[in-house]
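Right, one structure below, let's go through it.
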Amino acid sequence: MIGKNAILTALSAYDIEAECIKKSKEYFDQEAFSKAVEILRNAERIGASGCGHSGIACQHFTHLMCCCERPARFISPAEAVHGGSGYLQKGDVMLFASRGGKTAELMPILDICKKKGVKVITVTENMESPLALNADVVLKQYVNRETDKYNMQGTTSTTSLIVIFHALQTALIEETGYTEEQFALIHPGGAVGERLNK
């Protein structure tokens, strides 16, 4: 059996993250969110990039987009400046995720996007950051604290970011009229595919 403190801190993780999600709704900007959904709906291609936990969350985001048939790709910061940003064309959209809004690895990609006429959505906690100030749309991220005792691991911050991504996909499904039948075609595998294709 693990120590009592480990159990208590594990249980507190649920409370910390639940509080974050609940509080995040207070920062929901309907105008900015609507504009982000419109940009995503109208883009032929969607890219997303971030570093560390934000990058991993962006991979989840691009999969969510593909699951409602919005062609999307995670572009790693390293690959983006070695030709990977060629995926994006004028009128497409690039989503950046950076809690501080000034991740150095993302700045060259931002510059490429601006020069190519690619629209930029930034999700960040820092509304005065370079990635926010140079975006077409900024979605505010709220984080109360990370779940570990040192407040340093990307836990709650990752959850708050992913909830924003889930909200975007939920709205896109509604706005595009995406159907169960469409999803059944591209998701024949697993329990979900079995249920949808009965």
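Chain lettering (A, B, ...) mirrors the order of the structure tokens, residue numbering begins at 1 for each chain separately, and ligand numbering begins at 1 in order of display.
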
Using only C-alpha atoms, I'd like a table of the residues in region 143-179 of chain A that come within 9 Å of region 81-101 of chain A; for each, show the closest atom pair and its distance in Å rounded to one decimal, ordered by chain and ascending number, as a Markdown table.
```
| residue | atom | partner | partner_atom | distance |
| --- | --- | --- | --- | --- |
| A:Val143 | CA | A:Arg99 | CA | 8.9 |
| A:Ser157 | CA | A:Arg99 | CA | 7.7 |
| A:Leu161 | CA | A:Ala97 | CA | 7.9 |
```

Quick one: write out the picked residues with N, CA and C atoms as a short mmCIF file (atom, residue, chain, number, x, y, z; two decimals), in the first residue's frame?
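Saved as out-v1.cif:
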```cif
data_model
loop_
_atom_site.label_atom_id
_atom_site.label_comp_id
_atom_site.auth_asym_id
_atom_site.auth_seq_id
_atom_site.Cartn_x
_atom_site.Cartn_y
_atom_site.Cartn_z
N VAL A 143 -5.57 28.47 -15.93
CA VAL A 143 -4.98 27.39 -15.13
C VAL A 143 -4.89 27.88 -13.68
N SER A 157 -2.80 22.20 -16.64
CA SER A 157 -2.68 23.05 -17.82
C SER A 157 -2.99 22.27 -19.10
N LEU A 161 -6.34 22.94 -21.60
CA LEU A 161 -6.12 23.10 -23.04
C LEU A 161 -6.98 22.12 -23.83
#
```

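Residue neighbourhood of Glu69 (chain A), excluding near-sequence residues (fewer than 5 positions): His63, Leu64, Ile173, Thr176, Tyr178, Gln182, Phe183 and Ile186 of chain A, at 10 Å, using only C-alpha atoms.
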
Okay, now the selection with C-alpha atoms, as a PDB file, in the first residue's frame?
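Result written to result04.pdb:
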```pdb
ATOM      1  CA  HIS A  63      -7.056  13.930 -34.487  1.00  0.00           C
ATOM      2  CA  LEU A  64     -10.309  15.480 -33.229  1.00  0.00           C
ATOM      3  CA  ILE A 173     -19.875  19.223 -35.384  1.00  0.00           C
ATOM      4  CA  THR A 176     -21.128  21.693 -40.104  1.00  0.00           C
ATOM      5  CA  TYR A 178     -21.646  16.420 -39.211  1.00  0.00           C
ATOM      6  CA  GLN A 182     -20.271  10.131 -41.717  1.00  0.00           C
ATOM      7  CA  PHE A 183     -18.343   9.135 -38.616  1.00  0.00           C
ATOM      8  CA  ILE A 186     -14.379   6.572 -41.161  1.00  0.00           C
TER       9      ILE A 186
END
```

Find the residues around Phe74 (chain A) up to 8 Å (only C-alpha atoms counted), leave out those fewer than 5 positions away in its own chain, and share them as a PyMOL selection string.
-> chain A and resi 47-49+58-59+62

Take the selection from the previous step and output its residues with C-alpha atoms, as an mmCIF file, in the first residue's frame.
```
data_model
loop_
_atom_site.group_PDB
_atom_site.id
_atom_site.type_symbol
_atom_site.label_atom_id
_atom_site.label_comp_id
_atom_site.auth_asym_id
_atom_site.auth_seq_id
_atom_site.Cartn_x
_atom_site.Cartn_y
_atom_site.Cartn_z
ATOM 1 C CA GLY A 47 -2.212 22.759 -38.703
ATOM 2 C CA ALA A 48 -1.393 22.766 -35.006
ATOM 3 C CA SER A 49 1.844 23.131 -33.105
ATOM 4 C CA CYS A 58 -2.150 19.530 -30.258
ATOM 5 C CA GLN A 59 -1.760 16.020 -31.652
ATOM 6 C CA THR A 62 -5.646 17.421 -34.986
#
```

Can you list, as a ChimeraX atom specification, all residues belonging to region 46-183 of chain A that DSSP tags as strand (DSSP E)?
-> /A:46-49,72-74,93-97,119-124,137-140

Residue selection dump (C-alpha atoms) as a PDB file, in the first residue's frame:
```pdb
ATOM      1  CA  ILE A  46      -5.629  22.874 -40.363  1.00  0.00           C
ATOM      2  CA  GLY A  47      -2.212  22.759 -38.703  1.00  0.00           C
ATOM      3  CA  ALA A  48      -1.393  22.766 -35.006  1.00  0.00           C
ATOM      4  CA  SER A  49       1.844  23.131 -33.105  1.00  0.00           C
ATOM      5  CA  ALA A  72      -5.589  18.465 -40.008  1.00  0.00           C
ATOM      6  CA  ARG A  73      -1.983  17.692 -39.163  1.00  0.00           C
ATOM      7  CA  PHE A  74       0.267  18.226 -36.174  1.00  0.00           C
ATOM      8  CA  VAL A  93      -5.270  27.956 -40.374  1.00  0.00           C
ATOM      9  CA  MET A  94      -2.533  27.231 -37.858  1.00  0.00           C
ATOM     10  CA  LEU A  95      -3.340  26.745 -34.190  1.00  0.00           C
ATOM     11  CA  PHE A  96      -0.605  27.464 -31.653  1.00  0.00           C
ATOM     12  CA  ALA A  97      -0.831  26.249 -28.064  1.00  0.00           C
ATOM     13  CA  LYS A 119      -4.685  32.468 -40.356  1.00  0.00           C
ATOM     14  CA  VAL A 120      -3.505  31.995 -36.774  1.00  0.00           C
ATOM     15  CA  ILE A 121      -5.424  30.860 -33.708  1.00  0.00           C
ATOM     16  CA  THR A 122      -3.512  31.034 -30.436  1.00  0.00           C
ATOM     17  CA  VAL A 123      -4.556  29.354 -27.205  1.00  0.00           C
ATOM     18  CA  THR A 124      -2.687  30.896 -24.289  1.00  0.00           C
ATOM     19  CA  VAL A 137      -7.992  34.918 -32.848  1.00  0.00           C
ATOM     20  CA  VAL A 138      -6.903  34.324 -29.261  1.00  0.00           C
ATOM     21  CA  LEU A 139      -8.622  31.853 -26.953  1.00  0.00           C
ATOM     22  CA  LYS A 140      -7.925  32.443 -23.281  1.00  0.00           C
TER      23      LYS A 140
END
```

Sorted by chain and rising residue number, which residues of region 43-161 of chain A lie within 6 Å of region 11-33 of chain A, and what are their closest atom pairs and distances in Å to one decimal, counting only C-alpha atoms, as a tab-separated table?
```
residue	atom	partner	partner_atom	distance
A:Tyr142	CA	A:Ser24	CA	5.5
A:Asn144	CA	A:Cys20	CA	5.8
A:Thr147	CA	A:Ala13	CA	5.1
A:Thr156	CA	A:Glu17	CA	5.5
```

Export of prior selection with C-alpha atoms as an mmCIF file, in the first residue's frame:
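For reference, out.cif as written:
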```cif
data_model
loop_
_atom_site.group_PDB
_atom_site.id
_atom_site.type_symbol
_atom_site.label_atom_id
_atom_site.label_comp_id
_atom_site.auth_asym_id
_atom_site.auth_seq_id
_atom_site.Cartn_x
_atom_site.Cartn_y
_atom_site.Cartn_z
ATOM 1 C CA TYR A 142 -7.089 29.464 -17.518
ATOM 2 C CA ASN A 144 -5.380 27.488 -11.348
ATOM 3 C CA THR A 147 -1.667 18.934 -9.572
ATOM 4 C CA THR A 156 -4.000 20.796 -15.050
#
```

In region 140-191 of chain A, what's helix (DSSP H, G or I) per DSSP? Answer as a ChimeraX atom specification?
-> /A:156-176,180-186,190-191
